Each structure stands twice: as C-alpha cells, then as structure tokens.
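Asker: The structure under discussion is supplied below as structure tokens; questions concerning it will follow.
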Amino acid sequence: MKIEKIFFTGFLIISLIDVLTSCKKDTPLTPEPNTEYVPTPYTIQIPKGYWPTQLNIPANNPMTVEGVELGRYLFYDGRLCGKTNDTLMSCGTCHQQAHSFENGIGYAHGVTGIQTPHVMLPFINLVFNNSGYLWNGKVEHNNPAYNTPTTYGGNIEDLCWMSVVAPHEFHSDTNHAREAIKNIAIYPPMFEKAFGSKEITFKKISMAIAQFIRTLISSDSKFDKSLRGEAQLTSSELNGYDIFMTEKGDCFHCHGTILFTTNLFYNNAKDTTFLDPRDRYHVTYNPVDIGAYKAPTLRNIALTGPYMHDGRFATLDAVINFYNEGLIWSPYVSPFMTHLNQGGDQLIQSDKDDLRAFLLTLTDSTFIHNPAFSKPADLP
Amino acid sequence: MKNRPHLFIVILLFTFIFFSCHKEKPIDPTPITTIDHGHIVFKFAHYVDNQPAIWDSMMYINAALNHYMVTNVQYFISNITLHKSDGSSKLITSKSIYYIDSDIPSTLTWSVSDEIPIGSYNSISFTFGIDSVHNISNIFVNPPEDGMFWPEPMGGGYHMMKLNGKYIDTASVVCNFNTHIGKGRVIVGSDTTMVNNSFTASLPSSSFTLTKDATKEIEIIMNIDSWYKTPNVYDHNVYGGSIMNNQTAMGMLVQNGFDVFTIGYIH
C-alpha cells in the first residue's frame with residue numbers, strides 16, 4: 001500500500017509539474033532576478049516628421065540610461081586625457097555644446113599644442129549616419145582597419161580611442177586614460193550601473209561616451225518648427241529655401257534630406273592641387289574621390305564656422321560667395337557642381353542674403369541649451 | 001474500490017494534461033490549393049555602346065557628338081510585372097519600388113522574395129521610376145533611397161534617376177551634367193501642369209520558362225547611351241548640366257527611354 005501511495009503521489013507530483021510546465025515554451029522567460037545590474041534601456045526619440053528610422057547603434061553596445069549618463073560624465077571629464085591637473089582635456093573641451101559640439105574657431109590644438117589636421121565636424125545627429133565618420137569617412141563598419149581585436153568595429157566607439165592616442169588630441173594612451181578614470185571614486189559605481197561590473201576598461205569608457213554622443217540629436221530649429229506648423233518662415237527665408245532646394249543654388253544634392261547632409265563625400269571645387277593624405281581618396285583609392293570630403297550637416301551651421309575641412313572660410317557669407325562665384329575647375333570636381341564652369345551659382349545679392357537667411361533658420365537654440373547634453377555640475 | 005477516487009483523479013489529470021494547451025493549438029487552416037512556384041533573381045548592369053560602362057573615363061561620344069563620361073547612376077524601378085502569353089501576369093509585390101545605385105554593389109542584385117508561379121512567361125515590364133500615384137514625398141526616410149528626394153519647390157516626390165557625368169563643351173571645356181529626371185512643370189499661360197515623368201519599360205526578348213523550385217537569373221541592362229539617342233538627339237551643349245526645371249529636356253529623355261532597358265541574359 002505504501003509503495004502504491006508513494007508511486008501514486010510521485011505520479012501526481014510529476015503530472016502536476018508537467019501540467020504547470022507544459023506550456024512553458026509559450027510563456028515569456030522570466031530573467032533571473034539581478035538586483036545589482038538592471039540597466040534601463042535608452043530609446044532614441046526619433047524627432048517628429050520624416051527623420052531616418054535606421055539608427056547606427058552597434059549590437060554590442062545597446063543604449064542604456066546609465067550608459068548615457070556615464071558617457072556624459074566621461075565626455076566632460078578632463079582627467080580622461082591621463083594628464084595632470086594643469087593640462088586637463090576632455091572631449092567637451094573642443095566639442096562644445098554652444099557650437100553644436102565642435103569648437104567654433106577652426107583648427108583645434110591637442111593637449112601638447114599640436115594642431116589638428118582638419119577643423120572639427122560637429123557631433124550632432126551622428127546616430128543617423130551610416131556612411132562613415134570623420135571628414136573622409138574612414139571610421140566605418142566595413143573598413144577592415146576598424147574590425148581588429150584592438151578596435152571597436154568602425155563606429156563612434158573608435159573615435160574615443162583615436163582621440164586619446166592622437167598627438168593632436170590627448171596624446172596619451174588608453175591605459176593611462178583607463179587608470180585615470182579608475183582612480184576617481186564616482187566612476188566604479190557608475191560603471192557597475194551601466195555595465196554590470198565595477199571593472200573599468202577603456203572599451204567600456206568608449207562605449208559609454210559613444211552612447212552619450214548618439215543622444216545628441218538636433219531637431220528643433222526654426223526650420224523644424226516651420227515643418228511642424230509651430231513657426232512661419234519669412235519671405236526672405238522662404239526664398240532662400242527655394243534657392244537652396246532648386247538648381248538655382250543647388251545645395252540640396254549634397255546637403256539635402258532632413259539631416260541637411262547626405263553624409264557622402266564630394267570634391268566641391270575648392271582647389272586645383274590635392275595633397276591632403278586625409279581626403280576621401282586615401283580611404284577608397286578611387287581617383288574620383290581625390291580632394292573629396294564629407295558634406296557636413298548644415299544644421300547649426302551658423303554656430304560651426306569657420307567652414308570647409310580646413311576652415312578656409314571664416315563666415316557664412318564667405319561660403320556663399322565661394323559657391324556663387326569662387327568655384328575652381330579641376331578634373332576631380334563632383335558632377336553635382338553643375339555651375340562649375342560659370343564659377344558658381346551667380347546669384348544676385350538679394351538672393352544670397354535670402355539663402356543666408358534660410359541657413360540661419362537651421363540654428364537650434366533648444367539643442368545648445370539642453371541640460372541633458374551639458375557638463376555635469378559636479379565635475380571639476 | 002479504494003483506488004477509485006485515485007483513478008478518477010488520474011483520469012481527470014490526463015484529461016487536463018491533454019487539453020491544457022488546446023487554446024494555443026493553431027486552428028486547422030482551410031485547405032488551399034498550392035501552386036508550384038520558382039524564384040527570380042534580377043541582376044542590373046549598365047552599358048555604354050553595348051559594353052559594360054567604364055566609369056569616369058571620357059571615352060564616349062553620344063549621338064549629338066558630345067564627348068562624355070559617366071560617373072554613376074541611381075534610379076528606381078517599380079511595378080515589376082512578369083507577363084504570360086495567356087494574358088495573366090505576376091506583379092512583384094515583395095518590394096514594389098526597387099532602388100539601383102551603381103555605387104552600391106549590393107543594389108545590383110535583387111533576389112526577389114516573391115514566389116513566382118511556374119510557367120512560360122513571354123515578357124517583363126516595369127515602371128521606370130515611381131508612378132504618379134506612389135511618387136509622394138517622404139515615403140523613404142532612410143539612406144540610400146532618401147537621397148533621391150525631389151525637392152518640394154520642384155514638385156516633391158523622388159528623382160526617377162540621377163545619371164551623373166561630364167562632357168566636353170563646344171569650347172573644349174569639361175563640364176558637369178546631371179541627367180536627373182523627376183517631376184516636371186509645364187506652364188501654359190497661367191496654367192501649370194506637373195508631369196511625373198515615369199514611364200513603362202517593356203523589355204524585348206524577355207521570355208522564359210520557370211519550373212518548380214527553379215531560380216531564374218535575369219540580367220537587366222540600362223544602355224546609358226540610349227538616353228541620348230532615339231528619337232531625340234540630346235545635346236548637352238543645348239540643355240546644360242541642370243535640367244530639373246526643364247521639362248523639355250526631361251520630356252525628351254522620357255521619350256528616349258523606351259529602348260534604354262534590355263535583357264542581358266536569362267538563365
């Protein structure tokens with residue numbers, strides 16, 4: 001009897017377990033409770049309107065609220081350069097919010113005084129860029145140089161280590177940078193929240209900074225507001241828009257789309273000789289790319305002078321005049337420069353003024369004052 | 001007798017086990033008649049003067065005797081339809097608008113995911129560009145297609161094609177040209193009419209037989225020189241580099257488009 005009961009009870013228990021688990025495959029798995037590492041997913045808010053939905057976020061660095069916040073601290077922490085207190089330099093030293101995250105003065109100088117080879121590109125809307133980073137686009141996911149055991153896949157994460165080691169930037173090394181951050185008390189807990197461990201590696205530093213940079217979305221200019229029906233462009237601005245968006249000014253082929261850049265590369269008729277080892281040609285080795293550089297976004301263009309890869313034009317007026325009458329013929333000029341043989345657009349002065357007026361509508365004051373993008377108050 | 005309650009519980013339990021997931025079982029689908037099918041892969045090639053285009057080389061002479069070179073070409077085709085001799089047809093629906101870019105090799109091969117009914121097809125046709133019903137601004141928000149936008153001040157929608165290159169003008173100077181086709185504006189008196197400038201391309205020699213589970217690879221060639229040849233001799237010196245506001249020029253190109261596309265091979 002006892003054996004029968006034992007068998008029966010066993011059978012009953014097994015059957016009950018079976019019943020309770022028979023539908024397990026159809027119920028969501030409950031993750032193991034982990035009170036120590038529960039990061040909050042950060043969702044990029046795609047602006048209203050017709051913005052790209054394709055985001056350049058590497059699968060191995062998902063965005064989290066904690067990662068973004070850590071990245072903001074690291075972005076602005078001058079101790080990251082691994083130098084002593086009198087020569088602190090952070091990403092934010094040059095990539096300034098007030099200037100759409102570039103420096104607004106042209107060439108920058110690294111921590112040891114060496115000048116950058118190009119002026120800066122603004123750090124805005126980079127999460128929408130899938131065509132390589134920097135003026136020549138060499139930091140790209142399919143560039144083998146950035147898919148090695150010591151690189152991070154050709155994305156913003158790579159820009160971080162490149163800044164640390166570049167002589168014209170931090171002129172340091174990633175070990176120094178990591179050690180400097182390790183020794184700051186606020187960071188181990190922040191790394192734990194962001195990545196699940198207090199261990200600090202340079203890769204994690206890069207991942208966090210990249211997460212922060214991906215949040216820098218500028219989409220609230222007067223032009224944006226006009227698209228949303230919240231503002232009205234003046235007749236001058238509207239005429240400038242028409243010039244921009246027709247072959248009269250022919251700006252849109254390279255600076256079109258809602259991003260005001262195709263993120264592609266063009267020789268825009270500035271020169272006749274091309275000796276820069278950092279142009280697009282030195283990435284593709286296709287002669288059509290000689291003297292070609294990324295078309296920068298025109299969003300916040302009023303804040304990001306001087307202009308061109310070498311900062312040769314100090315003002316927007318100088319740029320407009322260049323495209324109007326200063327184009328220089330060479331065999332490498334992009335076919336999109338259809339006014340090349342007339343020297344430029346040949347706009348009358350009032351049209352040039354209107355074009356500038358339209359470009360000024362691309363300034364986003366909300367963005368440059370957004371506290372979420374600013375230096376944390378408790379950083380030195 | 002003593003065990004009867006137990007037996008009852010066991011039976012009940014078994015019943016419960018067997019029916020516990022009943023609600024999650026799929027409802028038996030209504031039997032449908034299966035149609036045997038195969039697949040199609042389109043390959044896109046770009047020729048000048050019956051040879052694969054050599055980009056960025058000033059080696060071609062068009063019908064107007066302009067020396068010219070081509071840098072790249074980007075365009076849409078849509079409404080791709082396979083026609084059978086019995087009058088029936090198969091419209092490709094898995095991707096109704098397809099983008100081709102000579103600078104992006106991945107766009108030059110299109111493995112169509114539609115299941116194509118087997119049988120003998122005698123022709124292929126498509127809309128060059130995007131037809132007027134679907135040529136609406138902002139249907140593409142991501143690259144590369146979004147870069148084909150046709151600005152609102154010129155009617156909105158998308159470029160049907162950007163064919164970019166250079167030519168030597170009458171003063172022997174190398175000039176740029178953008179053979180860009182999109183919405184054109186015809187102004188007669190006070191009336192303005194928009195012309196979409198898409199057209200139907202019917203490919204000659206495009207018959208093939210598709211057997212069950214087979215894949216046919218079909219090469220579609222754009223003969224770039226044909227844009228400038230028949231019936232209108234198109235002279236870059238006359239129309240210049242920019243034609244987006246010139247419906248006369250775009251209209252000529254559309255007329256010339258009827259024989260631009262041919263079949264390279266089907267196998």
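Please note that chains go A, B, ... in the order of the structure tokens, that every chain numbers its residues from 1, and that ligands are numbered from 1 in the order shown.
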Write out as a ChimeraX atom specification each polymer residue whose atoms come within 10 Å of His253 (chain A), counting only C-alpha atoms; drop sequence neighbours fewer than 5 positions from it.

Answerer: /A:244-247,260-262,336-337 /B:147-151

Asker: Keeping only N, CA and C atoms, write the selected residues as a tab-separated table (two decimals), in the first residue's frame.

Answerer:
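This is the output file selection01.tsv:
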chain	number	residue	atom	x	y	z
A	244	PHE	N	17.90	77.17	-52.14
A	244	PHE	CA	18.62	76.00	-51.61
A	244	PHE	C	18.12	74.72	-52.28
A	245	MET	N	16.80	74.64	-52.45
A	245	MET	CA	16.18	73.39	-52.88
A	245	MET	C	15.90	73.31	-54.38
A	246	THR	N	16.45	74.23	-55.14
A	246	THR	CA	16.35	74.12	-56.60
A	246	THR	C	17.77	74.21	-57.17
A	247	GLU	N	17.86	74.00	-58.47
A	247	GLU	CA	19.19	74.06	-59.08
A	247	GLU	C	19.73	75.49	-59.17
A	260	PHE	N	20.18	67.53	-43.61
A	260	PHE	CA	20.96	68.55	-44.31
A	260	PHE	C	22.37	68.08	-44.62
A	261	THR	N	22.48	66.81	-44.86
A	261	THR	CA	23.68	66.20	-45.42
A	261	THR	C	23.29	64.83	-45.94
A	262	THR	N	23.94	64.42	-47.02
A	262	THR	CA	23.79	63.03	-47.46
A	262	THR	C	24.74	62.13	-46.69
A	336	PHE	N	28.00	67.00	-59.33
A	336	PHE	CA	26.91	67.78	-58.76
A	336	PHE	C	27.18	69.29	-58.80
A	337	MET	N	28.43	69.66	-59.02
A	337	MET	CA	28.75	71.09	-59.08
A	337	MET	C	28.45	71.57	-60.49
B	147	GLY	N	18.02	59.90	-50.26
B	147	GLY	CA	18.82	60.87	-51.01
B	147	GLY	C	18.30	61.13	-52.41
B	148	MET	N	17.32	60.37	-52.84
B	148	MET	CA	16.74	60.57	-54.17
B	148	MET	C	15.58	61.58	-54.15
B	149	PHE	N	15.37	62.21	-53.01
B	149	PHE	CA	14.20	63.11	-52.93
B	149	PHE	C	14.25	64.20	-54.00
B	150	TRP	N	13.09	64.56	-54.46
B	150	TRP	CA	12.93	65.64	-55.44
B	150	TRP	C	12.34	66.80	-54.66
B	151	PRO	N	13.05	67.92	-54.55
B	151	PRO	CA	12.61	68.95	-53.61
B	151	PRO	C	11.19	69.44	-53.84

Asker: Write out as a PyMOL selection string which residues come within 9 Å of region 258-261 of chain B when counting only C-alpha atoms, dropping same-chain ones fewer than 2 positions away.

Answerer: chain B and resi 199-204+220-227+230+254-256+263

Asker: Take the residues that were just selected and, keeping C-alpha atoms, output them as a compact mmCIF listing (two decimals), in the first residue's frame.

Answerer:
# COMPACT_ATOMS: atom_id res chain seq x y z
CA PHE B 199 7.15 55.58 -67.96
CA THR B 200 6.58 51.90 -68.63
CA ALA B 201 9.55 49.99 -69.93
CA SER B 202 8.76 46.74 -71.73
CA LEU B 203 11.78 44.59 -72.18
CA PRO B 204 12.32 42.90 -75.52
CA ILE B 220 18.52 43.86 -66.93
CA ILE B 221 20.80 46.25 -68.76
CA MET B 222 20.47 50.01 -68.79
CA ASN B 223 22.00 51.18 -72.07
CA ILE B 224 23.12 54.61 -70.96
CA ASP B 225 23.88 55.90 -74.45
CA SER B 226 20.28 55.23 -75.43
CA TRP B 227 19.08 58.04 -73.18
CA THR B 230 16.40 57.93 -80.23
CA VAL B 254 11.49 60.10 -71.26
CA GLN B 255 10.73 59.65 -74.96
CA ASN B 256 14.20 58.24 -75.43
CA ILE B 263 17.73 41.91 -71.26

Asker: Using only C-alpha atoms, which of B:Leu163, B:Val70, B:Ile118, B:Ala53 sits nearest Ile40 (chain B)?

Answerer: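 Under the stated criterion, the closest residue is B:Ile118.
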
Asker: Please determine, counting only C-alpha atoms, which residue among B:Gly182, B:Gly251, B:Pro144, B:Gly157 has the shortest atom-to-atom distance to chain A.

Answerer: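 Selected residue with least distance to chain A: B:Pro144.
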
Asker: Hey, which of A:Asn61, A:Glu199, A:Ile156, A:Asn341 ends up closest to Gly240 (chain B)? Count only C-alpha atoms.

Answerer: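 Result for the nearest residue to Gly240 (chain B): A:Asn341.
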
Asker: If I take CA of Ile243 (chain A) and CA of Arg356 (chain A), how far is one from the other in Å, to one decimal?

Answerer: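 Pair CA of Ile243 (chain A) / CA of Arg356 (chain A) returns 10.3 Å.
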
Asker: Hey, what's within 8 Å of Tyr107 (chain A) if we count only C-alpha atoms and toss same-chain stuff fewer than 2 positions away? As a list in words, please?

Answerer: Ile105, His109, Gln115, Thr116, Pro117, His118, Val119, Met120, Asp310 and Gly311 of chain A

Asker: When you draw a straight line from CA of Ala295 (chain A) to CA of Asn268 (chain A), how long is it in Å?

Answerer: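 Going from CA of Ala295 (chain A) over to CA of Asn268 (chain A) covers 9.1 Å.
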
Asker: Leaving out Leu259 (chain A) and any residue of its chain fewer than 2 positions from it, which residues lie within 10 Å of it when counting only C-alpha atoms, given as a PDB file with N, CA and C atoms, in the first residue's frame?

Answerer:
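Final output, saved to around39.pdb:
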ATOM      1  N   TRP A  51      12.132  61.805 -40.202  1.00  0.00           N
ATOM      2  CA  TRP A  51      13.527  61.555 -39.850  1.00  0.00           C
ATOM      3  C   TRP A  51      13.865  60.091 -40.112  1.00  0.00           C
ATOM      4  N   PRO A  52      15.161  59.810 -40.314  1.00  0.00           N
ATOM      5  CA  PRO A  52      15.531  58.409 -40.538  1.00  0.00           C
ATOM      6  C   PRO A  52      15.155  57.543 -39.350  1.00  0.00           C
ATOM      7  N   ILE A 124      26.661  66.105 -34.069  1.00  0.00           N
ATOM      8  CA  ILE A 124      25.202  66.103 -33.940  1.00  0.00           C
ATOM      9  C   ILE A 124      24.605  65.123 -34.938  1.00  0.00           C
ATOM     10  N   ASN A 125      23.534  64.500 -34.515  1.00  0.00           N
ATOM     11  CA  ASN A 125      22.769  63.596 -35.375  1.00  0.00           C
ATOM     12  C   ASN A 125      23.624  62.467 -35.938  1.00  0.00           C
ATOM     13  N   LEU A 126      24.665  62.098 -35.200  1.00  0.00           N
ATOM     14  CA  LEU A 126      25.561  61.056 -35.703  1.00  0.00           C
ATOM     15  C   LEU A 126      24.915  59.673 -35.645  1.00  0.00           C
ATOM     16  N   PHE A 128      22.314  58.902 -36.868  1.00  0.00           N
ATOM     17  CA  PHE A 128      21.641  58.661 -38.159  1.00  0.00           C
ATOM     18  C   PHE A 128      22.636  58.450 -39.298  1.00  0.00           C
ATOM     19  N   ASN A 129      23.920  58.513 -38.982  1.00  0.00           N
ATOM     20  CA  ASN A 129      24.935  58.419 -40.036  1.00  0.00           C
ATOM     21  C   ASN A 129      25.405  56.976 -40.195  1.00  0.00           C
ATOM     22  N   SER A 218      19.805  67.081 -32.863  1.00  0.00           N
ATOM     23  CA  SER A 218      19.348  68.460 -33.031  1.00  0.00           C
ATOM     24  C   SER A 218      18.203  68.481 -34.036  1.00  0.00           C
ATOM     25  N   SER A 219      17.032  68.879 -33.576  1.00  0.00           N
ATOM     26  CA  SER A 219      15.846  68.804 -34.446  1.00  0.00           C
ATOM     27  C   SER A 219      14.811  69.861 -34.085  1.00  0.00           C
ATOM     28  N   HIS A 255      23.575  68.525 -49.560  1.00  0.00           N
ATOM     29  CA  HIS A 255      23.135  68.889 -48.205  1.00  0.00           C
ATOM     30  C   HIS A 255      21.631  68.695 -48.046  1.00  0.00           C
ATOM     31  N   GLY A 256      21.095  67.716 -48.761  1.00  0.00           N
ATOM     32  CA  GLY A 256      19.655  67.503 -48.703  1.00  0.00           C
ATOM     33  C   GLY A 256      19.257  66.563 -47.589  1.00  0.00           C
ATOM     34  N   THR A 257      18.030  66.147 -47.624  1.00  0.00           N
ATOM     35  CA  THR A 257      17.357  65.306 -46.620  1.00  0.00           C
ATOM     36  C   THR A 257      17.166  66.100 -45.325  1.00  0.00           C
ATOM     37  N   THR A 261      22.480  66.810 -44.864  1.00  0.00           N
ATOM     38  CA  THR A 261      23.680  66.199 -45.424  1.00  0.00           C
ATOM     39  C   THR A 261      23.290  64.825 -45.942  1.00  0.00           C
ATOM     40  N   THR A 262      23.943  64.422 -47.018  1.00  0.00           N
ATOM     41  CA  THR A 262      23.786  63.033 -47.455  1.00  0.00           C
ATOM     42  C   THR A 262      24.738  62.126 -46.691  1.00  0.00           C
ATOM     43  N   ASN A 263      25.668  62.753 -45.947  1.00  0.00           N
ATOM     44  CA  ASN A 263      26.757  62.038 -45.268  1.00  0.00           C
ATOM     45  C   ASN A 263      27.709  61.393 -46.270  1.00  0.00           C
ATOM     46  N   PRO A 296      29.325  68.239 -44.685  1.00  0.00           N
ATOM     47  CA  PRO A 296      28.879  68.338 -43.285  1.00  0.00           C
ATOM     48  C   PRO A 296      27.417  68.739 -43.217  1.00  0.00           C
ATOM     49  N   THR A 297      26.792  68.410 -42.112  1.00  0.00           N
ATOM     50  CA  THR A 297      25.412  68.865 -41.930  1.00  0.00           C
ATOM     51  C   THR A 297      25.388  70.384 -41.878  1.00  0.00           C
ATOM     52  N   LEU A 298      24.336  70.950 -42.421  1.00  0.00           N
ATOM     53  CA  LEU A 298      24.171  72.407 -42.323  1.00  0.00           C
ATOM     54  C   LEU A 298      23.316  72.794 -41.129  1.00  0.00           C
ATOM     55  N   ARG A 299      22.863  71.807 -40.380  1.00  0.00           N
ATOM     56  CA  ARG A 299      22.159  72.150 -39.136  1.00  0.00           C
ATOM     57  C   ARG A 299      23.137  72.852 -38.185  1.00  0.00           C
TER      58      ARG A 299
END

Asker: Which of these residues is nearest to chain B, using only C-alpha atoms: A:Tyr241, A:Tyr307, A:Trp161, A:Tyr146?

Answerer: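 Ranking A:Tyr241, A:Tyr307, A:Trp161, A:Tyr146 by distance to chain B, first place goes to A:Tyr241.
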
Asker: Residues within 8 Å of Thr338 (chain A), please, as a list of chain:residue names. Count only C-alpha atoms; anything in the same chain fewer than 6 positions from it doesn't count.

Answerer: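 Skipping anything fewer than 6 positions along the chain leaves B:Cys175, B:Asn176, B:Phe177, B:Asn178, B:Gly241, B:Ser242.
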
Asker: In Å, with one decimal, what is the gap from CA of Phe322 (chain A) to CA of Met308 (chain A)?

Answerer: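 Here the two named atoms are 11.0 Å from each other.
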
Asker: From a DSSP pass on the backbone, collect the residues of region 90-131 of chain B flagged as strand (DSSP E or B) and hand them back as a PyMOL selection string.

Answerer: chain B and resi 90-91+97-101+109-117+119-128

Asker: Extract, using only C-alpha atoms, all DNA, RNA and protein residues at most 12 Å from Pro189 (chain A), discarding same-chain residues fewer than 2 positions from it, and format them as JSON, numbers by chain.

Answerer: {"A": [36, 37, 66, 67, 70, 181, 182, 184, 185, 186, 187, 191, 192, 193, 194, 195, 196, 197, 198, 199, 200]}

Asker: Skipping near chain neighbours, those fewer than 2 positions away, what residues fall within 12 Å of region 188-193 of chain B using only C-alpha atoms, listed as a list in words?

Answerer: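 My reading of the contact set: Met154, Gly155, Lys183, Gly184, Arg185, Val186, Val195, Asn196 and Gln247 of chain B.
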
Asker: Save the residues we just selected, C-alpha atoms, as a tab-separated table (two decimals), in the first residue's frame?

Answerer:
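Output file result.tsv is given in full below:
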chain	number	residue	atom	x	y	z
B	154	MET	CA	10.01	71.45	-57.82
B	155	GLY	CA	7.01	69.27	-57.08
B	183	LYS	CA	8.53	65.81	-61.70
B	184	GLY	CA	8.50	68.45	-64.39
B	185	ARG	CA	6.46	71.58	-64.69
B	186	VAL	CA	4.66	72.59	-67.86
B	195	VAL	CA	4.38	65.82	-65.26
B	196	ASN	CA	5.56	62.80	-63.28
B	247	GLN	CA	10.54	69.70	-68.75
